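K.L.:
Mind looking over this structure? Questions follow.
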Amino acid sequence: MSRPTTPGFSLRRQPLASTSSAGASRAATPLASRGISLEEWERSAPLSDEQLQSVSRIKDAFGQRPLPQKFAKTSGPSTPTVKPRQLAAFFTPDPSLPSSPAGHSPGPSHSAAVSNAIVDPLRPTVIVTPQQFHDHFTALTLSTEHEQDSLYRDHLAEIAGLRDKCDGLIGVLGESEKEVGEMLRALEYVEERSESLRGACEDLLEEQTHLLTHTSQLAHRLTFFTSLESAQRMLNNPGGNLVLSPDFLPMVQRLDECIGYLSEHRDFKDSEVYLMRYQQCMTRSMALVRLHFVASIKALAQEVGKRLTDRSLSETASQGLLYNRFSTLSSSLRPLIAELEQRTRVNKDELPQILADCHAAWVQARQTLVGPRVAQEVGRMNPGRSDLVDLTRAGCSYLKQTCMDEFHLYKMFFLSGETQLYGFLESLCDHLYDHIRPRILHEGSLSVLCEVCTVLQALMVSDIPDADVDPDAADSDGEGSVIYTPDSTPGLSSSPALHDADYFSSPAPSRLLTPAGSQPRRQSSFASHRFSPSVRSGQTKKRRRRRPLAKLHTEHLLKMVLQDAQTRLVFRAQALIQADVQYFVPKPADLDYPEKLGRTEKGRPLVERQLSVSLDAEDDDEPAFLSLPPPAAQETWYPALRSTLWVLSCLYTYVDNAVFEDLAQEAISTCRRSLTAASDLIAAKKDKTVDGRLFLVRHLLILKEMTAGLDLGRSNRQRDWAGITDFLRSLLENASSLLGYGRGSIVRAAEFAPDAKIDLDRELKRACEELIALCTQTATAPLRVFLDRCTAYLARVGDATASLSSQTWATPAEIAAVHAAFKDTARAALDAWVARLADYLQDQDTVRVLVPPAQTAITDTFRQFHDLVRAEYDFATAAALMTPSAVMGLLTRE
C-alpha cells in the first residue's frame with residue numbers, strides 16, 4: 001500500500017484559562033473534521049508489495065520496542081498523564097468516517113480485537129492495523145505537544161498568579177494613595193493654618209517693634225525738652241566756680257545739642273518756647289565764662305603789676321611773671337574760651353560781643369603790663385642819637401621777639417580776634433615807630449636807606465614760606481586736625497569788630513622779579529613776600545584755606561616802617577637822578593676818551609657780571625640782574641651811567657614793582673640823553689668824531705646789558721638774547737626794521753617794550769650806523785671824492801653828451817691813481833677802525849659783529865665806482881680795476 005502524501009492534522013483548542021482546565025480542554029478537543037482516514041489513505045495511496053514487505057520488516061523489528069522513559073507511569077510531574085478514557089476518546093472513530101479502507105466496514109471479529117487491543121494508546125501491546133498506528137501516533141503527537149506546552153502553561157499559570165498578586169497590590173496601592181491624599185490635604189490644612197499663625201505673630205512682633213521704636217524716639221525727643229530743667233537748676237545756683245565744675249562743659253554741650261535739634265524741628269509743640277529758653281541758658285553760660293575770664297585776667301594782671309614794681313626783680317623773673325604766670329591759666333581758661341569761640345559762629349546776636357569783651361579784657365591787661373616796658377626799652381636805645389641802621393636793627397628785633405612772645409601767649413587762650421591782637425601789637429610797635437619815622441624822613445643817604453630796608457626785609461623773610469597754610473598740612477603747634485577758614489573761624493565772621501575774617505585778605509599788587517633758576521632779589525614789602533606769582537596762580541585755581549593765628553605776620557607790623565623807608569628811598573633816588581644824571585656837568589677828565597680806556601686791564605670784558613647760581617641742576621647760571629661789577633671795572637664808565645645803574649640797583653631790591661618801573665623808565669631815558677650829550681661833546685673835539693660815536697656805542701651797550709634782565713613792562717624778566725653780541729647782531733641784521741627785531745627775534749610776539757627800551761635800542765642802532773658810516777667814509781675817501789665830482793659833472797652836462805674820459809681829472813690815468821689810492825687806504829683804514837673798536841668794546845665777538853656791515857658798505861661804494869668806470873670807459877681801463885668780490889676778499893683777508 002503506497003502513501004504518497006501525509007494527511008493533514010488539525011487540532012482545535014480553546015485558549016487556556018487556567019491550569020486546572022488545561023487537561024479538560026485537551027481531552028475535549030476533537031479531531032479535525034477535514035482529516036483523512038486510514039481507509040481513504042490506503043485507497044488513495046496504495047502500497048506496493050515491496051513497500052508492504054518493508055513495513056512488515058519494520059514492524060517486526062520495532063514491534064517489541066519499549067516505550068520511552070518519559071512516557072512511563074513513573075514519570076515526573078512535568079510529564080502529562082493521559083488517562084485511557086481520554087485516549088479512548090481520541091481514538092474513538094468518527095461515525096461519519098468509514099472504518100476500513102475501500103469503504104468496507106470491518107467485521108465483528110475485527111472490531112472486537114481492536115477494541116480489546118486499545119487499552120492505552122500511548123502504550124499499545126500490539127499495533128496491527130494502520131488505524132492503531134495512527135491512533136498511537138496521534139496520541140504520541142498530542143502527548144509531545146502537551147509536554148512542550150506544559151512549560152508555557154506553567155509559566156502562564158505563574159504569570160497569572162503574579163498578575164493576581166499585582167492586581168491585589170495595585171488595589172492596596174490605590175487604598176494607600178487615597179490615604180496619602182487624605183494626609184496631604186490634612187498637611188495643607190495644617191500648613192495654611194500655621195502660615196496664618198506665623199503671619200499673625202510677625203504682625204504682632206512688627207507692631208511691638210514699631211511701638212518700642214516710637215517709644216524710644218519719643219523718649220529721645222523728650223530729652224531735648226527735659227534737659228532744660230537741669231540746666232536752669234545749675235545756672236540758678238552758679239556759685240563761685242561753676243564754670244570750673246566738671247558738669248559745666250557737658251551742660252553747655254547739652255545746651256548746644258538741644259538748640260541745634262530744636263532749630264531743625266521747629267514744628268514740634270512749644271519748640272520755639274524751649275528754643276528761646278535754651279538760648280537764654282546758653283547766653284547765661286557764656287556770660288559766666290566771660291565773667292570768670294575777665295575776673296581771672298584782671299586779678300592776675302593786678303598781681304603781676306604789683307610784683308613788677310619791685311625794681312630788684314631780674315629780667316628773667318620779670319619775663320616769668322609776664323608770660324609763665326599767664327600761661328598757667330591757659331589750662332583752665334582755654335576750654336572755656338574754645339566753647340565760646342565755637343558757638344559764636346552760630347549765635348551771631350549776643351555771643352560775639354561776649355567774645356569781644358574777652359579779647360578787650362586780655363588786650364587791656366597785656367597793654368597795661370607790656371606797654372610801659374616796651375617804651376622803657378626803646379628809650380634805652382637812645383633813638384634820637386644812635387645810628388639809624390643800628391636803631392632799626394635793634395629796635396625791630398626786640399619788637400619782633402616781644403610780639404612773638406605775645407602772639408604765642410595769645411594763642412594759648414584764643415584762636416580768634418586777629419584784629420584786636422594786631423592792634424595791640426601795632427601799639428607796641430608805635431613806641432619805636434614814633435622815633436624811627438622822623439629820622440627816616442630826614443635821612444639823605446641812599447646807602448643808609450637801603451640798609452634800613454635790608455634790615456626790615458630780613459626780619460620779614462621768615463614769614464614767607466607758610467604765609468598760606470595748606471589745608472592738609474599739620475599745624476606747627478600740634479593742632480593739625482583743626483583748620484580754620486574765614487567762614488568757619490569762631491568769633492571772626494560774626495563779631496562786629498571782626499568782619500574782616502581774613503586779616504590779610506587784601507594784599508597790594510606785587511611781583512616777583514626773580515627769573516627761573518636765579519636767586520630771589522626783589523621783595524619790597526609784606527605783599528611782595530606773601531603773594532608771589534607762583535602763589536597767586538595757585539590761589540586762582542583753588543583758594544587755600546588759611547588758619548587764623550597759624551603764625552605771626554611780622555611783615556604787617558613792620559610794613560609801615562618799610563614803606564616810609566621805601567618812600568624816602570624813591571625820593572632820594574629821584575633827586576640823585578636829577579642831580580647826577582640829568583643835570584650832570586662833565587669834567588674834562590670825564591670826557592678823556594680813549595686815553596681813559598688805556599688805564600684798564602687788557603682782556604677784561606666790557607661788562608663783568610656776577611652769576612646768579614641756581615640750585616636747580618637743570619637751570620643754567622645766569623647773570624644777576626643789576627649786579628654791578630667791581631669798582632675797578634667801573635672806572636672807565638661815564639659818571640652819569642655809573643650813578644644811574646647804582647641807583648637802579650638800590651631801588652630794584654627794595655622798591656615796589658610799579659614805582660620801580662616808573663622810576664627805571666625815567667632813569668634810563670635820562671641816562672641815554674646824558675650819554676648822547678657827552679658823545680656830542682667828545683665828537684666836537686678835533687679828530688674825535690669816531691671816538692664820540694664809539695663812546696656812545698660802548699656806554700649804550702653797557703646800559704643795555706645791565707638792564708637787559710628787567711625788560712620793563714613785561715611779566716617775564718628773562719632776556720631773550722644771550723649777550724651783547726647776539727643783541728648787536730640782531731640789531732644790525734635787518735636795516736629796514738627800526739630796532740632790527742624782525743629777524744633777530746629780540747622781543748617775543750605779542751610783547752612790546754616800553755618807551756625807554758625803544759629809545760635805548762633806537763639810539764644804539766643809530767650810533768652803530770653812524771660809526772659804520774664814519775669807517776666807510778674814511779676807507780673810501782678817494783673813491784667818494786671822485787664819485788662826487790663825476791656825479792656833479794654828469795648832472796650838469798647830461799648823460800647824452802657827457803664824456804668823462806675827456807676831462808683832465810677823469811682820465812684813465814686818474815682812474816688808476818684813484819684805484820691805487822683806494823687799495824692803499826681801504827684796508828689800513830678798516831684795520832685802524834677795528835683796532836679802535838677793540839679798545840672801546842673790549843670784546844672781539846662784539847667787534848666781529850660790527851666789522852661785516854662796514855666791509856659791506858665799503859664794497860658797495862667801490863661797486864659804484866666800478867660800475868661807473870665800466871659804463872664810461874673802455875674795456876682796458878675797466879679791466880685794470882679790481883672786482884667788488886676781490887675788494888671783499890681784500891677786506892676780509894686775515
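Just so we're on the same page: first chain in the C-alpha cells is A, next is B, and so on; residues restart at 1 for each chain, and ligands are numbered from 1 in the order they show up.
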May I have the residues within 10 Å of Ser330 in chain A as a PyMOL selection string, using only C-alpha atoms and disregarding those fewer than 4 positions away in the same chain?

P.N.:
chain A and resi 325-326+334-337+409-414

K.L.:
Given only C-alpha atoms as the basis, pick out the residue of A:Leu774, A:Leu651, A:Leu694, A:Ala878 nearest to Ala829 in chain A.

P.N.:
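Result for the nearest residue to Ala829 in chain A: A:Leu774.
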
K.L.:
As a PyMOL selection string, which residues of range 409-452 of chain A does DSSP assign to alpha helix (DSSP H)?

P.N.:
chain A and resi 409-411+418-441+446-452

K.L.:
Please dump the current selection as a CSV table (one decimal), in the first residue's frame; keep N, CA, C and O atoms.

P.N.:
```
chain,number,residue,atom,x,y,z
A,409,LEU,N,51.6,133.6,73.5
A,409,LEU,CA,50.8,133.6,74.7
A,409,LEU,C,49.3,133.8,74.4
A,409,LEU,O,48.4,133.2,75.0
A,410,TYR,N,49.0,134.7,73.4
A,410,TYR,CA,47.7,134.9,73.0
A,410,TYR,C,47.0,133.6,72.4
A,410,TYR,O,45.9,133.3,72.7
A,411,LYS,N,47.8,132.8,71.7
A,411,LYS,CA,47.3,131.6,71.1
A,411,LYS,C,47.0,130.5,72.1
A,411,LYS,O,46.2,129.6,71.9
A,418,GLU,N,42.1,138.3,65.5
A,418,GLU,CA,43.3,138.8,64.9
A,418,GLU,C,43.3,140.3,64.9
A,418,GLU,O,44.4,140.9,65.1
A,419,THR,N,42.2,140.9,64.7
A,419,THR,CA,42.2,142.4,64.6
A,419,THR,C,42.6,143.0,66.0
A,419,THR,O,43.5,143.9,66.0
A,420,GLN,N,42.0,142.5,67.1
A,420,GLN,CA,42.4,143.0,68.4
A,420,GLN,C,43.9,142.7,68.7
A,420,GLN,O,44.6,143.6,69.2
A,421,LEU,N,44.3,141.5,68.3
A,421,LEU,CA,45.7,141.1,68.6
A,421,LEU,C,46.7,142.0,67.9
A,421,LEU,O,47.6,142.6,68.5
A,422,TYR,N,46.5,142.2,66.5
A,422,TYR,CA,47.4,143.0,65.8
A,422,TYR,C,47.3,144.5,66.1
A,422,TYR,O,48.3,145.2,66.0
A,423,GLY,N,46.1,144.9,66.5
A,423,GLY,CA,46.0,146.3,67.0
A,423,GLY,C,46.9,146.5,68.3
A,423,GLY,O,47.5,147.5,68.4
A,424,PHE,N,46.8,145.5,69.1
A,424,PHE,CA,47.7,145.6,70.3
A,424,PHE,C,49.2,145.6,70.0
A,424,PHE,O,50.0,146.4,70.5
A,425,LEU,N,49.5,144.7,69.1
A,425,LEU,CA,51.0,144.6,68.7
A,425,LEU,C,51.4,145.8,68.0
A,425,LEU,O,52.6,146.3,68.1
A,426,GLU,N,50.6,146.4,67.2
A,426,GLU,CA,50.9,147.7,66.5
A,426,GLU,C,51.1,148.8,67.5
A,426,GLU,O,52.0,149.7,67.3
A,427,SER,N,50.3,148.8,68.5
A,427,SER,CA,50.5,149.8,69.5
A,427,SER,C,51.8,149.7,70.2
A,427,SER,O,52.5,150.7,70.6
A,428,LEU,N,52.3,148.4,70.4
A,428,LEU,CA,53.6,148.2,71.0
A,428,LEU,C,54.7,148.7,70.0
A,428,LEU,O,55.7,149.3,70.4
A,429,CYS,N,54.5,148.5,68.7
A,429,CYS,CA,55.5,148.9,67.7
A,429,CYS,C,55.5,150.4,67.5
A,429,CYS,O,56.5,151.0,67.1
A,430,ASP,N,54.4,151.1,67.9
A,430,ASP,CA,54.4,152.5,67.7
A,430,ASP,C,55.4,153.2,68.6
A,430,ASP,O,55.8,154.4,68.3
A,431,HIS,N,55.8,152.6,69.7
A,431,HIS,CA,56.8,153.2,70.6
A,431,HIS,C,58.1,153.4,69.8
A,431,HIS,O,58.8,154.4,70.0
A,432,LEU,N,58.5,152.4,69.0
A,432,LEU,CA,59.7,152.6,68.2
A,432,LEU,C,59.4,153.4,66.9
A,432,LEU,O,60.3,154.2,66.5
A,433,TYR,N,58.2,153.2,66.3
A,433,TYR,CA,57.9,153.9,65.1
A,433,TYR,C,57.9,155.4,65.2
A,433,TYR,O,58.3,156.1,64.3
A,434,ASP,N,57.5,155.8,66.4
A,434,ASP,CA,57.4,157.3,66.6
A,434,ASP,C,58.8,157.9,66.6
A,434,ASP,O,59.0,159.1,66.3
A,435,HIS,N,59.8,157.1,66.9
A,435,HIS,CA,61.2,157.6,66.8
A,435,HIS,C,61.9,157.4,65.5
A,435,HIS,O,62.7,158.2,65.1
A,436,ILE,N,61.6,156.3,64.9
A,436,ILE,CA,62.3,156.0,63.6
A,436,ILE,C,61.8,156.8,62.4
A,436,ILE,O,62.5,157.2,61.6
A,437,ARG,N,60.4,157.0,62.4
A,437,ARG,CA,59.9,157.6,61.2
A,437,ARG,C,60.4,159.0,60.9
A,437,ARG,O,60.8,159.3,59.8
A,438,PRO,N,60.6,159.9,61.9
A,438,PRO,CA,61.2,161.2,61.6
A,438,PRO,C,62.6,161.1,61.1
A,438,PRO,O,63.0,161.9,60.2
A,439,ARG,N,63.3,160.2,61.6
A,439,ARG,CA,64.7,160.0,61.2
A,439,ARG,C,64.8,159.5,59.8
A,439,ARG,O,65.7,159.9,59.0
A,440,ILE,N,63.9,158.6,59.4
A,440,ILE,CA,63.9,158.1,58.0
A,440,ILE,C,63.5,159.2,57.1
A,440,ILE,O,64.1,159.3,56.0
A,441,LEU,N,62.5,160.0,57.4
A,441,LEU,CA,62.1,161.0,56.5
A,441,LEU,C,63.1,162.1,56.3
A,441,LEU,O,63.0,162.9,55.4
A,446,LEU,N,71.4,157.5,50.5
A,446,LEU,CA,70.7,156.3,49.9
A,446,LEU,C,71.2,155.0,50.4
A,446,LEU,O,70.4,154.1,50.5
A,447,SER,N,72.5,154.9,50.8
A,447,SER,CA,73.0,153.7,51.3
A,447,SER,C,72.4,153.3,52.7
A,447,SER,O,72.1,152.2,52.9
A,448,VAL,N,72.2,154.4,53.5
A,448,VAL,CA,71.6,154.1,54.8
A,448,VAL,C,70.2,153.7,54.6
A,448,VAL,O,69.7,152.7,55.3
A,449,LEU,N,69.4,154.3,53.7
A,449,LEU,CA,68.1,153.9,53.5
A,449,LEU,C,68.0,152.4,53.0
A,449,LEU,O,67.1,151.7,53.3
A,450,CYS,N,68.9,152.1,52.1
A,450,CYS,CA,69.0,150.7,51.6
A,450,CYS,C,69.3,149.7,52.7
A,450,CYS,O,68.7,148.6,52.8
A,451,GLU,N,70.2,150.1,53.6
A,451,GLU,CA,70.5,149.2,54.7
A,451,GLU,C,69.3,149.1,55.7
A,451,GLU,O,69.0,148.0,56.2
A,452,VAL,N,68.5,150.1,55.9
A,452,VAL,CA,67.3,150.1,56.7
A,452,VAL,C,66.3,149.1,56.0
A,452,VAL,O,65.7,148.2,56.7
```

K.L.:
What is the CA of Pro246 in chain A-CA of Arg366 in chain A distance in Å, reported with one decimal?

P.N.:
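According to the coordinates, CA of Pro246 in chain A and CA of Arg366 in chain A are separated by 29.4 Å.
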
K.L.:
Find the residues around Glu229 in chain A up to 12 Å (only C-alpha atoms counted), leave out those fewer than 4 positions away in its own chain, and share them as a ChimeraX atom specification.

P.N.:
/A:223-225,233-236,251,255,274,277-278,281

K.L.:
Using only C-alpha atoms, which residues sit within 12 Å of range 256-265 of chain A once same-chain residues fewer than 6 positions away are excluded, as a ChimeraX atom specification?

P.N.:
/A:220-228,231,249-250,271-283,285-286,339-340,342-344,346-347

K.L.:
Contacts of Gln563 in chain A at 12 Å or less, counting only C-alpha atoms, minus same-chain residues fewer than 3 places along, as a PDB file with C-alpha atoms, in the first residue's frame?

P.N.:
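The resulting file, out-v3.pdb, is reproduced below:
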```pdb
ATOM      1  CA  TYR A 433      57.925 153.862  65.056  1.00  0.00           C
ATOM      2  CA  ARG A 437      59.862 157.627  61.179  1.00  0.00           C
ATOM      3  CA  ILE A 440      63.906 158.073  58.044  1.00  0.00           C
ATOM      4  CA  LEU A 441      62.093 161.050  56.507  1.00  0.00           C
ATOM      5  CA  LEU A 449      68.059 153.867  53.489  1.00  0.00           C
ATOM      6  CA  VAL A 452      67.322 150.055  56.675  1.00  0.00           C
ATOM      7  CA  CYS A 453      65.219 148.289  54.035  1.00  0.00           C
ATOM      8  CA  LEU A 456      63.427 145.242  57.737  1.00  0.00           C
ATOM      9  CA  GLN A 457      63.173 142.705  54.932  1.00  0.00           C
ATOM     10  CA  SER A 524      59.721 145.021  48.500  1.00  0.00           C
ATOM     11  CA  SER A 525      57.083 144.614  51.186  1.00  0.00           C
ATOM     12  CA  PHE A 526      54.766 142.300  53.025  1.00  0.00           C
ATOM     13  CA  ALA A 527      52.645 141.898  49.906  1.00  0.00           C
ATOM     14  CA  GLU A 555      55.670 141.964  57.868  1.00  0.00           C
ATOM     15  CA  HIS A 556      52.333 143.507  58.783  1.00  0.00           C
ATOM     16  CA  LEU A 557      53.815 145.036  61.910  1.00  0.00           C
ATOM     17  CA  LEU A 558      56.916 146.380  60.159  1.00  0.00           C
ATOM     18  CA  LYS A 559      55.419 147.362  56.833  1.00  0.00           C
ATOM     19  CA  MET A 560      54.746 150.961  57.894  1.00  0.00           C
ATOM     20  CA  GLN A 566      60.911 152.922  50.550  1.00  0.00           C
ATOM     21  CA  THR A 567      59.172 156.244  50.027  1.00  0.00           C
ATOM     22  CA  ARG A 568      62.205 158.136  51.223  1.00  0.00           C
ATOM     23  CA  LEU A 569      64.415 155.917  49.083  1.00  0.00           C
ATOM     24  CA  VAL A 570      62.411 156.772  45.959  1.00  0.00           C
ATOM     25  CA  TYR A 654      63.700 147.444  47.873  1.00  0.00           C
ATOM     26  CA  VAL A 655      61.046 149.310  45.881  1.00  0.00           C
ATOM     27  CA  ASP A 656      57.683 148.003  44.786  1.00  0.00           C
ATOM     28  CA  VAL A 659      57.206 152.516  41.487  1.00  0.00           C
TER      29      VAL A 659
END
```

K.L.:
Hey, can you check how far CA of Val585 in chain A sits from CA of Leu703 in chain A?

P.N.:
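It comes out at 19.5 Å.
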
K.L.:
Grab the CA of Gly371 in chain A to CA of Leu329 in chain A distance for me, in Å with one decimal place.

P.N.:
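Rounded to one decimal, the two atoms are 21.2 Å apart.
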